[in-house]
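Let me begin by presenting the structure, written as structure tokens, before commenting on it.
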Amino acid sequence: MTGGRAAWMLVGAVFGLLFAAATIWLSLVELPNSDVLGDLLAGVFGMWTLGWLIGPLWGGSAVLRADHFTLLPVPRRRLAVGLLGAAFVGITTAVTALGFVGLITYGARLGLVPALLAVPVAALQLIFVVLLSRVVYALFGVVAASRAGAAITGVLFAAMLVLTQSGWMIVVAVMYSDILETGFSHATTVTLRAIPSSWGVVAVDAAGRGDWLLAVAAPVGLAVLCVLLLLVWSVELGNPRRARATIRGSAGRAPVGGGPLDGTTGAVVRKELRTWWRDPLRTTTAVVPIAWALGTVLLPLTFDARLLLPWAGPALALFAITSAGNLYGQDGTALWQTMTTGTERADVRGRQWAYLIVFTPPVIALSVAFTWWSGSTWTWPWVAAAVPALLGGGAGLIIYSSVFGMVPGPDAHKRPSNPLERADTTGQSNVLFWVGLVPPAPALAVVYLGTRFDQPWLTWAGLPVGVLTGVAVAWVLGGLAVRKLSENGSDLLHTMRTGRPAAVRNAGGTDVARKGGTAEGLSWGLGSILLVPQGILPLVFILSDVQVRSWFLAMYVRPVFGVPIAVVSILAGVALYARAVMTRVDNRAGRAGAPSPAEDREVGLV
Amino acid sequence: MEQATARHAGAESPDGDDRPAALRLSGLHKAFGANTAVDHVDLVVPQGSFFGLVGPNGAGKTTSLSMAVGLLRPDEGTSRVFGVDVWSDPVGAKALLGVLPDGLSMPERLTGRELLTYIGQLRGIEAGVLAGRVQELLDVMELGGAERTLVVDYSTGMRKKIGLATALLHGPRLLVLDEPFEAVDPVSAAALKAILNGFVAGGGSVVLSSHVMPLVEQLCDTVAIMAGGRVVAAGPLAEVRGDTTLEQTFVRLVRGDEHTRKGLSWLAS
């Protein structure tokens with residue numbers, strides 16, 4: 001297990017425990033309208049189920065897979081039960097079991113019999129989510145092999161990101177509505193309780209009312225579903241080699257001559273566009289930022305706020321940078337053909353053009369449509385200034401990061417269809433997100449000055465400034481990438497070929513490339529939380545006198561103390577980010593130093 | 001001793017010293033940490049020769065060839081292609097070279113025709129000429145039937161063939177091929193052999209690495225045997241193998257003979 005993976009597991013466990021505690025707390029809380037509680041609890045169990053559906057997609061393949069056992073003489077049904085047993089072993093199951101204790105405590109409020117009934121029902125509910133998760137993952141593996149599947153993967157991935165980053169908005173929305181007093185509408189209640197993940201609550205509620213028929217029928221229904229899922233799963237185990245939805249190329253005859261795509265750079269642009277269109281990993285790379293941008297700007301609509309709408313285009317342009325920052329890692333050892341043809345410059349520039357061709361149309365379309373929809377006409381010059389700077393800056397940053405921060409993943413020819421098999425670029429993406437905010441800064445400063453001094457010409461001067469910044473950043477960073485690729489292409493190729501940089505093994509043969517991986521992963525995760533939701537946001541709320549408590553620690557004390565808490569939180573977040581960056585730089589310096597011939601020889605002589 | 005043999009191979013070249021060797025490796029050395037993969041290797045591939053590089057797994061064949069063609073930076077030593085240094089004048093050297101590495105990716109999401117066209121355009125081949133060459137290569141390699149199949153979905157043998165086609169496209173003077181016949185079916189292998197023999201007959205030079213001794217004996221006129229990162233024998237085929245077969249010489253030189261004779265105890269009776 002790599003350090004990064006362990007760190008994410010730890011972060012996940014901490015969040016899971018918090019969520020489990022929140023579930024139990026919810027089952028005990030006193031509400032003005034007690035009927036709402038069952039609905040809320042059903043909703044929370046629905047979220048647990050959703051987490052179980054999405055989790056495996058997020059984390060990649062399971063540790064134990066059926067194809068590990070294909071050559072062993074074990075009957076399929078027994079294998080299914082065995083793997084199910086294995087699926088229960090893990091932190092996630094333990095944490096979920098803890099969360100489902102909430103059903104028992106909820107039952108205890110209603111009486112002894114509902115509490116006793118809740119014990120087997122909670123266990124049944126746990127079996128249900130684990131089984132459902134396994135079956136959906138098995139079916140999804142078939143779907144994900146196609147382009148549509150890769151797009152769905154991207155949307156789910158982005159949805160997870162949006163919920164973890166901005167999910168607090170929904171909580172705020174619920175707290176500010178009067179649902180807690182009046183309860184949900186009848187239709188909502190009926191729909192919510194019809195979902196199998198709610199049947200546990202239905203059974204306990206029914207037992208509380210003395211409706212014994214429903215109290216028995218609901219758990220029986222859940223048990224029948226479990227048996228059906230087990231059957232589906234054991235059948236699905238039998239044919240893992242279902243025909244893959246093969247993506248086909250065109251039967252084009254003659255090479256294109258002339259036109260704007262003539263020459264070596266044009267050839268690379270054509271190759272890149274075909275790759276963007278045909279490689280499921282690229283599909284996911286393109287869909288994630290689009291879904292992320294849409295999710296982030298649309299979420300505030302849940303409490304009828306349109307303030308983020310105009311920023312859909314800039315948000316897409318920004319997140320595209322974090323998503324596409326490992327292009328050479330994605331294409332793997334195919335780099336050798338760039339090297340043997342000596343076309344490093346054309347390759348870098350071609351990839352930059354292709355990036356712009358892929359992302360410019362949706363960025364402009366989203367910017368125009370959503371700014372118009374928002375009705376906030378004052379945002380036009382801001383958006384117009386930010387978009388070209390973000391797109392051009394992105395074209396520079398992605399190629400710079402792809403060369404200087406390349407992360408090797410599974411080689412391109414060993415991942416024909418599964419977009420989930422990719423390099424872990426969490427660190428790069430985090431850095432790129434914040435660095436990506438730098439290129440539009442000058443243009444936005446010009447717009448700000450224009451607005452401040454009420455000079456329309458200056459306000460609109462942000463657009464040309466943004467264009468110039470974008471072109472400059474793309475040009476300069478691209479040039480640096482060309483030089484690095486021409487001089488150190490063979491080192492990059494070696495890293496991709498072996499999965500590790502040249503000469504990172506010490507004399508003992510242990511891998512020293514990623515020391516401090518766990519600390520680095522934790523620093524990214526905690527740093528983000530402390531910096532944004534616990535630092536910047538409460539500070540803005542306090543200063544602008546917005547009364548929202550939610551999970552913002554600084555909002556629970558008087559502003560006199562709230563401001564220092566938020567500031568300390570910001571500082572701590574920045575410090576953690578700095579620490580993560582330093583760890584990464586340390587590792588990179590170690591790698592960069594290692595392959596140099598002189599040191600290598602010394603190592604060899606020792 | 002091995003260096004003497006290598007020099008001997010160079011001196012035996014029919015072209016004498018005034019014409020540079022097709023490939024000359026001098027003191028090539030590469031270590032990965034404490035593990036020395038290639039230990040000061042000297043090799044001379046005379047112009048017009050069909051050169052076979054043989055050795056057991058882990059002997060350093062792939063590492064040597066990668067350094068020779070400019071895909072892996074050596075710790076020490078030089079590689080010259082027709083007298084042009086691969087690392088100080090990469091553009092000049094790479095125009096003379098056709099390379100087929102083993103097990104590397106290509107632009108995977110192109111069809112065979114698109115890949116060849118793409119590589120041809122990178123090499124700056126004029127469009128009319130390129131279309132003809134691409135068609136001819138697809139025909140010879142019998143890849144025309146998989147017109148719409150992306151390279152990522154090619155079988156191992158098809159990957160070898162399309163890789164070889166990209167190496168031949170620009171008319172190189174030296175071909176460096178790492179395991180070109182691995183997983184290639186006998187029919188395609190015969191076609192490949194014909195292409196390579198024709199290439200050598202027309203004045204081209206070929207270096208190939210292989211595990212398959214009979215194949216090397218059949219094709220090559222000059223051979224080198226590597227073991228443990230060193231060249232343990234090099235020279236004209238007849239000289240290196242002497243009165244025995246190449247396989248026997250190979251096994252004797254790399255001292256794997258005890259292994260081959262011992263069977264597995266539970267499968268013996």
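Following the order of the structure tokens, chains are lettered A, B, ..., residues in each are numbered from 1, and ligands are numbered from 1.
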
Residues within 7 Å of region 109-114 of chain A, only C-alpha atoms, excluding chain neighbours under 6 positions, as a PyMOL selection string: chain A and resi 204+207-208

Distance query Asp85 (chain B) at most 12 Å, only C-alpha atoms, self and fewer than 6 positions along chain excluded, as a PyMOL selection string: chain B and resi 20-26+67-70+77-79+91-94+96

Contact set, chain B to chain A: 8 Å, only C-alpha atoms, as a PyMOL selection string: chain B and resi 31-36+70-76+90-91+94-95+99+104-111+113-114+117-119+121-124+127+130-131+147-150+152-153

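Between CA of Val129 (chain B) and CA of Ala165 (chain B) the separation is 15.1 Å.
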
Residue with smallest distance to Gln352 (chain A) - pool A:Leu477, A:Ala305, A:Val235, A:Leu294, counting only C-alpha atoms: A:Leu477

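Listed by chain and then by rising number, the residues of region 55-117 of chain B that DSSP assigns to helix (DSSP H, G or I) from the backbone are B:Lys61, B:Thr62, B:Thr63, B:Ser64, B:Leu65, B:Ser66, B:Met67, B:Ala68, B:Pro90, B:Val91, B:Gly92, B:Ala93, B:Lys94, B:Ala95, B:Leu96, B:Gly112, B:Arg113, B:Glu114, B:Leu115, B:Leu116, B:Thr117.
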
Coordinates-based distance that separates CA of Asn33 (chain A) from CA of Thr182 (chain A) (Å, one decimal): 6.9 Å

Nearest to Gly396 (chain A) by atom-to-atom distance, counting only C-alpha atoms, from A:Gly12, A:Pro314, A:Gly436, A:Gly478: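 Nearest to Gly396 (chain A): A:Gly478.
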
Interatomic distance (Å, one decimal) between CA of Gly112 (chain B) and CA of Gln135 (chain B):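 Distance reported for this atom pair: 10.4 Å.
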
Strand (DSSP E) call set, DSSP backbone run, region 8-246 of chain B, as a PyMOL selection string: chain B and resi 23-32+35-45+50-54+76-81+84-85+97-100+174-178+205-210+222-227+230-236

Distance query region 175-192 of chain B at most 6 Å, only C-alpha atoms, self and fewer than 3 positions along chain excluded, as a PyMOL selection string: chain B and resi 97-102+157+195+206-210

Selection near Leu138 (chain B), 10 Å with only C-alpha atoms, sequence-local residues under 2 positions removed, as an NGL selection string: :B and (112-113 or 116 or 133-136 or 140-147 or 161-162 or 165)

Please write the residues from the selection above to a file, keeping C-alpha atoms, as a PDB file, in the first residue's frame.
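Wrote again32.pdb, looks like this:
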ATOM      1  CA  GLY B 112      -2.419   1.330 -37.994  1.00  0.00           C
ATOM      2  CA  ARG B 113      -2.789   3.598 -41.013  1.00  0.00           C
ATOM      3  CA  LEU B 116       2.055   5.284 -39.855  1.00  0.00           C
ATOM      4  CA  ARG B 133       4.661   3.872 -48.404  1.00  0.00           C
ATOM      5  CA  VAL B 134       1.940   3.492 -45.764  1.00  0.00           C
ATOM      6  CA  GLN B 135      -0.183   1.390 -48.114  1.00  0.00           C
ATOM      7  CA  GLU B 136       2.783  -0.764 -49.093  1.00  0.00           C
ATOM      8  CA  VAL B 140       3.407  -6.346 -46.565  1.00  0.00           C
ATOM      9  CA  MET B 141       2.627  -6.591 -42.835  1.00  0.00           C
ATOM     10  CA  GLU B 142      -0.885  -7.857 -43.648  1.00  0.00           C
ATOM     11  CA  LEU B 143      -2.442  -5.282 -41.364  1.00  0.00           C
ATOM     12  CA  GLY B 144      -4.895  -3.962 -43.959  1.00  0.00           C
ATOM     13  CA  GLY B 145      -7.625  -6.285 -42.665  1.00  0.00           C
ATOM     14  CA  ALA B 146      -7.727  -4.512 -39.313  1.00  0.00           C
ATOM     15  CA  GLU B 147      -8.322  -1.133 -40.900  1.00  0.00           C
ATOM     16  CA  LYS B 161       4.564  -5.601 -37.085  1.00  0.00           C
ATOM     17  CA  ILE B 162       3.195  -2.069 -36.839  1.00  0.00           C
ATOM     18  CA  ALA B 165       6.585  -0.602 -40.034  1.00  0.00           C
TER      19      ALA B 165
END

Residue contacts of Phe359 (chain A) (10 Å, only C-alpha atoms) excluding same-chain residues fewer than 2 positions away, as a ChimeraX atom specification: /A:286,289-290,313,316-317,320,354-357,361-364,391,394-395

Shell of 12 Å around Val29 (chain A), only C-alpha atoms, local chain residues under 5 positions omitted, as a ChimeraX atom specification: /A:22-24,34,36-38,40-41,102,105-106,109,180

Among the residues B:Ala238, B:Leu264, B:Val231, B:Leu219, the one that comes closest to Gly27 (chain B) [using only C-alpha atoms]: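 Of B:Ala238, B:Leu264, B:Val231, B:Leu219, the one nearest Gly27 (chain B), counting only C-alpha atoms, is B:Val231.
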
Env of region 571-578 of chain A: 6 Å cut, atoms = only C-alpha atoms, seq-sep filter 3 positions within chain, self excluded. Answer as a compact mmCIF listing (two decimals) with C-alpha atoms, in the first residue's frame.
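New file around-v3.txt:
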# COMPACT_ATOMS: atom_id res chain seq x y z
CA SER A 523 -1.42 17.58 4.63
CA GLY A 527 -4.90 21.73 4.58
CA LEU A 530 -8.60 24.25 7.35
CA LEU A 531 -7.90 26.77 4.60
CA VAL A 568 -5.34 30.62 12.73
CA VAL A 581 4.66 21.01 -1.27
